[in-house]
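What follows is my_file10.txt (compact mmCIF, C-alpha atoms and all ligand atoms).
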# COMPACT_ATOMS: atom_id res chain seq x y z
CA MET A 1 32.68 10.79 9.35
CA PRO A 2 33.23 13.77 6.96
CA MET A 3 29.50 14.51 6.75
CA ILE A 4 29.23 14.46 10.52
CA ALA A 5 32.28 16.58 11.09
CA ALA A 6 30.44 19.57 9.64
CA PHE A 7 28.13 19.62 12.68
CA SER A 8 29.20 21.45 15.79
CA LEU A 9 29.36 19.50 19.02
CA LYS A 10 26.74 21.70 20.61
CA SER A 11 24.14 20.82 17.98
CA LEU A 12 23.99 17.12 18.74
CA ASP A 13 24.44 14.76 21.58
CA PHE A 14 26.42 11.55 21.53
CA PHE A 15 23.37 9.42 20.73
CA ARG A 16 22.62 11.36 17.56
CA LEU A 17 26.29 11.37 16.59
CA SER A 18 26.54 7.58 16.90
CA THR A 19 23.26 7.14 14.97
CA PHE A 20 24.61 9.25 12.08
CA THR A 21 27.95 7.41 12.14
CA THR A 22 26.28 3.97 12.16
CA LEU A 23 24.06 4.99 9.22
CA GLU A 24 27.04 6.30 7.29
CA VAL A 25 29.16 3.16 7.86
CA GLY A 26 26.10 1.02 7.09
CA ALA A 27 25.31 2.86 3.84
CA ARG A 28 28.88 2.26 2.67
CA TYR A 29 28.76 -1.44 3.57
CA PHE A 30 25.39 -2.16 1.95
CA LEU A 31 26.21 -0.13 -1.17
CA PHE A 32 29.62 -1.70 -1.85
CA ALA A 33 28.79 -5.29 -0.80
CA GLY A 34 25.39 -4.98 -2.56
CA VAL A 35 26.94 -3.87 -5.87
CA ALA A 36 29.59 -6.63 -5.65
CA TRP A 37 26.87 -9.20 -4.91
CA LEU A 38 24.69 -7.97 -7.78
CA LEU A 39 27.56 -8.11 -10.29
CA GLY A 40 29.45 -11.21 -9.11
CA TYR A 41 26.53 -13.37 -8.00
CA GLY A 42 23.84 -12.03 -10.35
CA LEU A 43 24.53 -10.22 -13.60
CA PHE A 44 28.04 -11.53 -14.41
CA ARG A 45 28.05 -14.82 -12.52
CA ARG A 46 28.36 -16.91 -15.69
CA ARG A 47 30.75 -14.61 -17.50
CA TRP A 48 33.10 -14.33 -14.52
CA PHE A 49 32.81 -17.79 -12.99
CA HIS A 50 36.12 -19.06 -14.41
CA ARG A 51 37.75 -16.43 -12.17
CA LYS A 52 35.88 -17.55 -9.02
CA ILE A 53 38.77 -18.48 -6.72
CA ILE A 54 36.80 -21.26 -5.01
CA ALA A 55 34.70 -22.69 -7.85
CA ARG A 56 31.40 -22.96 -6.00
CA LEU A 57 28.83 -20.47 -4.69
CA PRO A 58 28.51 -19.72 -0.96
CA GLN A 59 25.57 -21.30 0.91
CA SER A 60 22.62 -19.00 1.72
CA ALA A 61 22.98 -19.82 5.44
CA ASP A 62 26.56 -18.49 5.29
CA VAL A 63 25.43 -15.30 3.55
CA ARG A 64 22.72 -14.73 6.19
CA ARG A 65 25.26 -15.21 9.01
CA GLU A 66 27.73 -12.83 7.30
CA ILE A 67 25.07 -10.10 7.01
CA GLY A 68 23.89 -10.66 10.62
CA TYR A 69 27.36 -10.29 12.17
CA SER A 70 28.16 -7.38 9.83
CA VAL A 71 25.07 -5.48 11.05
CA LEU A 72 26.25 -6.02 14.64
CA THR A 73 29.68 -4.69 13.59
CA LEU A 74 28.03 -1.56 12.10
CA PHE A 75 26.73 -0.59 15.55
CA ILE A 76 30.17 -1.10 17.13
CA PHE A 77 31.88 0.88 14.34
CA GLY A 78 29.20 3.59 14.70
CA LEU A 79 29.78 3.88 18.44
CA MET A 80 33.58 3.89 18.19
CA GLY A 81 33.51 6.27 15.20
CA ALA A 82 31.23 8.65 17.14
CA GLY A 83 33.48 8.38 20.23
CA THR A 84 36.49 9.27 18.08
CA ILE A 85 34.76 12.33 16.60
CA TYR A 86 33.50 13.35 20.05
CA VAL A 87 36.94 13.38 21.68
CA SER A 88 38.40 15.00 18.55
CA LYS A 89 35.89 17.86 18.87
CA LEU A 90 37.14 18.28 22.44
CA GLY A 91 40.63 18.72 21.00
CA TRP A 92 42.08 15.49 22.42
CA THR A 93 43.36 14.14 19.09
CA GLN A 94 45.28 15.50 16.09
CA MET A 95 42.17 15.72 13.89
CA TYR A 96 41.87 19.14 12.24
CA TRP A 97 38.80 20.70 10.72
CA ARG A 98 39.85 23.23 8.03
CA PRO A 99 41.21 21.32 4.97
CA ASP A 100 43.65 24.13 4.11
CA GLU A 101 45.01 24.26 7.65
CA ARG A 102 47.98 22.01 6.80
CA GLY A 103 47.92 22.36 3.00
CA TRP A 104 46.62 20.00 0.33
CA GLY A 105 49.99 18.23 0.12
CA TRP A 106 49.55 16.97 3.67
CA PHE A 107 45.84 16.28 3.04
CA TRP A 108 46.71 13.70 0.34
CA GLY A 109 49.85 12.60 2.21
CA SER A 110 47.70 11.84 5.26
CA VAL A 111 45.39 9.65 3.13
CA ALA A 112 48.42 7.59 1.97
CA ALA A 113 49.97 7.47 5.47
CA ALA A 114 46.67 6.35 7.05
CA ILE A 115 46.34 3.55 4.45
CA VAL A 116 49.87 2.30 5.27
CA LEU A 117 49.12 2.57 9.00
CA HIS A 118 45.87 0.61 8.60
CA ASP A 119 47.63 -2.10 6.58
CA THR A 120 50.26 -2.49 9.33
CA TYR A 121 47.68 -2.39 12.14
CA PHE A 122 45.55 -4.99 10.36
CA TYR A 123 48.45 -7.39 9.67
CA TRP A 124 49.69 -7.47 13.27
CA THR A 125 46.30 -7.51 15.02
CA HIS A 126 45.20 -10.22 12.56
CA ARG A 127 48.23 -12.37 13.37
CA LEU A 128 47.64 -11.79 17.07
CA MET A 129 43.99 -12.88 16.77
CA HIS A 130 45.18 -16.15 15.20
CA HIS A 131 46.91 -17.01 18.48
CA PRO A 132 45.12 -20.15 19.76
CA LYS A 133 44.49 -18.55 23.18
CA ILE A 134 42.32 -15.74 21.76
CA PHE A 135 41.25 -17.03 18.34
CA GLY A 136 37.86 -18.32 19.62
CA PRO A 137 36.32 -15.16 21.12
CA PHE A 138 37.98 -12.76 18.66
CA HIS A 139 38.39 -14.26 15.20
CA ARG A 140 36.48 -17.56 14.87
CA VAL A 141 33.31 -15.88 13.54
CA HIS A 142 35.15 -14.35 10.59
CA HIS A 143 36.58 -17.78 9.73
CA LEU A 144 33.18 -19.47 9.70
CA SER A 145 33.19 -18.19 6.09
CA THR A 146 35.40 -20.75 4.33
CA ASN A 147 34.05 -19.60 0.92
CA PRO A 148 33.33 -15.91 1.66
CA SER A 149 30.87 -13.62 -0.12
CA PRO A 150 31.13 -9.80 -0.27
CA TRP A 151 28.83 -9.67 2.79
CA ALA A 152 31.66 -11.19 4.90
CA ALA A 153 33.50 -7.84 4.79
CA TYR A 154 32.33 -6.93 8.34
CA SER A 155 31.43 -10.42 9.58
CA PHE A 156 33.23 -10.16 12.90
CA ALA A 157 32.56 -11.26 16.48
CA PRO A 158 31.95 -8.15 18.65
CA LEU A 159 35.44 -8.39 20.20
CA GLU A 160 37.07 -8.45 16.76
CA ALA A 161 34.86 -5.51 15.66
CA VAL A 162 36.27 -3.49 18.60
CA VAL A 163 39.84 -4.40 17.54
CA GLU A 164 39.11 -3.45 13.89
CA ALA A 165 37.52 -0.15 14.99
CA GLY A 166 40.68 0.58 17.00
CA ILE A 167 42.12 2.04 13.79
CA PHE A 168 39.79 5.10 14.15
CA PRO A 169 41.25 6.45 17.45
CA LEU A 170 44.76 5.20 16.58
CA THR A 171 44.87 7.15 13.28
CA VAL A 172 43.64 10.46 14.70
CA CYS A 173 46.02 10.15 17.65
CA VAL A 174 49.19 9.44 15.68
CA MET A 175 48.73 11.84 12.72
CA PRO A 176 46.99 15.11 11.91
CA ILE A 177 44.12 14.17 9.60
CA HIS A 178 41.03 15.95 8.24
CA PRO A 179 37.70 14.08 8.51
CA LEU A 180 37.34 14.15 4.71
CA ALA A 181 40.77 12.51 4.31
CA PHE A 182 39.72 9.88 6.85
CA GLY A 183 36.49 9.38 4.88
CA LEU A 184 38.56 8.70 1.73
CA VAL A 185 40.61 6.12 3.65
CA MET A 186 37.34 4.45 4.67
CA LEU A 187 36.22 4.39 1.00
CA TRP A 188 39.51 2.71 0.09
CA GLN A 189 39.00 0.31 3.01
CA ILE A 190 35.50 -0.81 2.03
CA THR A 191 36.49 -1.14 -1.66
CA PHE A 192 39.40 -3.51 -1.01
CA ASN A 193 37.69 -5.25 1.88
CA VAL A 194 34.68 -6.11 -0.31
CA LEU A 195 36.89 -7.05 -3.30
CA GLY A 196 38.93 -9.35 -1.07
CA HIS A 197 35.80 -11.21 0.07
CA THR A 198 33.83 -11.26 -3.20
CA GLY A 199 35.78 -14.34 -4.25
CA TYR A 200 36.76 -13.38 -7.80
CA GLU A 201 40.34 -12.71 -8.93
CA PHE A 202 40.14 -9.59 -11.08
CA HIS A 203 43.89 -8.89 -11.46
CA PRO A 204 45.57 -9.80 -14.77
CA LYS A 205 47.80 -12.90 -14.77
CA TRP A 206 50.97 -10.85 -15.41
CA LEU A 207 50.59 -9.14 -12.02
CA MET A 208 52.43 -11.89 -10.13
CA ASP A 209 55.43 -11.65 -12.49
CA SER A 210 55.85 -7.92 -11.84
CA TRP A 211 56.96 -5.88 -8.84
CA LEU A 212 53.31 -4.78 -8.40
CA GLY A 213 52.39 -8.37 -7.52
CA LYS A 214 54.95 -8.31 -4.71
CA LEU A 215 53.55 -5.02 -3.44
CA LEU A 216 49.76 -5.37 -3.78
CA ASN A 217 47.54 -7.90 -2.10
CA THR A 218 45.04 -9.87 -4.21
CA PRO A 219 41.60 -11.44 -3.60
CA THR A 220 43.28 -14.85 -4.13
CA ASN A 221 45.51 -14.13 -1.13
CA HIS A 222 42.62 -13.39 1.24
CA VAL A 223 40.26 -16.09 -0.05
CA GLN A 224 43.08 -18.61 0.42
CA HIS A 225 43.39 -17.31 4.01
CA HIS A 226 39.71 -18.13 4.57
CA GLU A 227 40.16 -21.54 2.96
CA LYS A 228 43.36 -22.62 4.72
CA MET A 229 43.09 -20.61 8.00
CA LYS A 230 46.86 -20.14 7.99
CA GLY A 231 49.18 -17.73 6.17
CA ASN A 232 48.25 -14.61 4.11
CA TYR A 233 47.44 -12.20 6.97
CA GLY A 234 47.73 -8.96 4.94
CA LEU A 235 45.09 -6.45 3.89
CA TYR A 236 45.97 -3.95 1.12
CA PHE A 237 49.59 -4.84 0.51
CA ASN A 238 51.60 -8.06 0.44
CA VAL A 239 54.66 -6.41 1.99
CA TRP A 240 54.30 -7.59 5.63
CA ASP A 241 53.51 -11.16 4.53
CA ARG A 242 56.65 -11.17 2.36
CA LEU A 243 58.85 -9.57 5.04
CA MET A 244 57.65 -12.00 7.72
CA GLY A 245 57.55 -15.05 5.41
CA THR A 246 53.85 -15.65 6.10
CA ASN A 247 52.50 -15.99 2.57
CA HIS A 248 50.96 -19.42 2.06
CA PRO A 249 53.53 -21.57 0.17
CA ASP A 250 50.98 -22.14 -2.63
CA TYR A 251 49.84 -18.51 -2.90
CA GLU A 252 51.56 -17.56 -6.16
CA ALA A 253 50.77 -20.93 -7.77
CA ARG A 254 47.10 -20.52 -6.80
CA PHE A 255 46.99 -17.03 -8.32
CA ARG A 256 48.50 -18.36 -11.57
CA GLU A 257 46.04 -21.28 -11.63
CA VAL A 258 43.02 -18.97 -11.14
CA THR A 259 44.17 -16.41 -13.72
CA THR A 260 44.95 -18.93 -16.48
CA ARG A 261 41.73 -20.97 -16.39
CA PRO A 262 39.84 -21.16 -19.69
CA LYS A 263 36.50 -19.35 -19.92
CA THR A 264 33.55 -21.60 -19.23
CA ASP A 265 29.78 -21.19 -18.87
CA ALA A 266 29.57 -23.71 -16.06
CA VAL A 267 28.61 -22.35 -12.64
CA GLY A 268 29.33 -24.47 -9.55
ZN ZN B 1 42.21 -14.74 9.88
ZN ZN B 2 38.33 -12.09 5.59
Before anything else, please render the file you have as structure tokens.
Ligand SMILES: [Zn+2]
Ligand SMILES: [Zn+2]
Amino acid sequence: MPMIAAFSLKSLDFFRLSTFTTLEVGARYFLFAGVAWLLGYGLFRRRWFHRKIIARLPQSADVRREIGYSVLTLFIFGLMGAGTIYVSKLGWTQMYWRPDERGWGWFWGSVAAAIVLHDTYFYWTHRLMHHPKIFGPFHRVHHLSTNPSPWAAYSFAPLEAVVEAGIFPLTVCVMPIHPLAFGLVMLWQITFNVLGHTGYEFHPKWLMDSWLGKLLNTPTNHVQHHEKMKGNYGLYFNVWDRLMGTNHPDYEARFREVTTRPKTDAVG
């Protein structure tokens, strides 16, 4: 989005705008998931395996499905991202174009506010999509990954991809935000999304005994969600799950088990 925002609306039509947006979202996905795959499932597989939350490797058929659905998601994100920029250029949203227009304090404040908004939006839409009446068409595809790989980050059915992309128009409608600030939020998003699906717990074991462990979400939390299908609906923070009492009863015990395993060379 930031790269694209530099263009004027006159210089490109909607087709070109959505092509650029799809390529940008796709580059981010393949770079981040690719690096995580290379490190966690290639270079450091042996060294890190004792921290693999589910102690076996995902099947290749699962990885192929995750990449396939993620590519479909890229097109939907590209279209909805382009639509959001298009209507913003028409002045229908609160997006602003000169970074100094509202000061750098607000620039960084908007990054933090958009992250909190996304976390809240994700928690509630995620819980809604677990409702038995709509789970099938919206969220079943994401849960086909019971032992996710980093490629599962965007493995959504098209209907869920539309819901997830809803954060683009929602953010620019509810708060003034510069495209570069939104781009930083998307970098944060792909980082924690990929880390949550890579399947390794990288946090130190003391985290759960500190206030940070109550605040931050962990890969163990999300992998356990894929494993159990119930509980642990959060994204970046553990606050909504704690407030609503939706953490899996074994979440903290599972985190402690994963983070206290002895180092081993065995790979499952
Ligand atoms: Zn779910
Ligand atoms: Zn997931």
Taking all atoms listed in the file into account, report as a PyMOL selection string which residues have an atom no farther than 12 Å from an atom of ligand ZN 1 (chain B).
chain A and resi 122-132+134-136+138-146+155-156+160+221-235
Using CA of Ala55 in chain A and CA of Tyr154 in chain A as the two end points, give the distance in Å to one decimal.
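About the pair CA of Ala55 in chain A and CA of Tyr154 in chain A: they are 22.7 Å apart.
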Find the smallest box with edges along x, y and z containing every listed atom of range 148-153 of chain A, then add 3 Å on each side and report centre and edge lengths in Å to one decimal, as AutoDock Vina command-line options.
--center_x 31.2 --center_y -11.9 --center_z 2.3 --size_x 10.7 --size_y 14.1 --size_z 11.2
| How many Å lie between CA of Arg256 in chain A and CA of Leu215 in chain A, rounded to one decimal? |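 Interatomic distance, CA of Arg256 in chain A to CA of Leu215 in chain A: 16.4 Å.
Taking CA of Phe30 in chain A as the reference point, CA of Phe77 in chain A is found at 14.3 Å.
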Report task. Identify which of the residues A:Phe15, A:Phe192, A:Tyr96, A:Phe168 lies closest to ligand ZN 2 (chain B), counting all atoms listed in the file when measuring atom-to-atom distances. Result ->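 For ligand ZN 2 (chain B), the nearest of the given residues is A:Phe192.
In terms of minimum interatomic distance to Val111 in chain A, A:Val185 ranks closest within A:Leu216, A:Ile190, A:Ala33, A:Val185, counting all atoms listed in the file.
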Q.
From the options A:Tyr200, A:Trp151, A:Phe20, A:Tyr41, which residue's atoms come nearest to ligand ZN 2 (chain B), counting only C-alpha atoms and all ligand atoms?
A.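 Ranking A:Tyr200, A:Trp151, A:Phe20, A:Tyr41 by distance to ligand ZN 2 (chain B), first place goes to A:Trp151.
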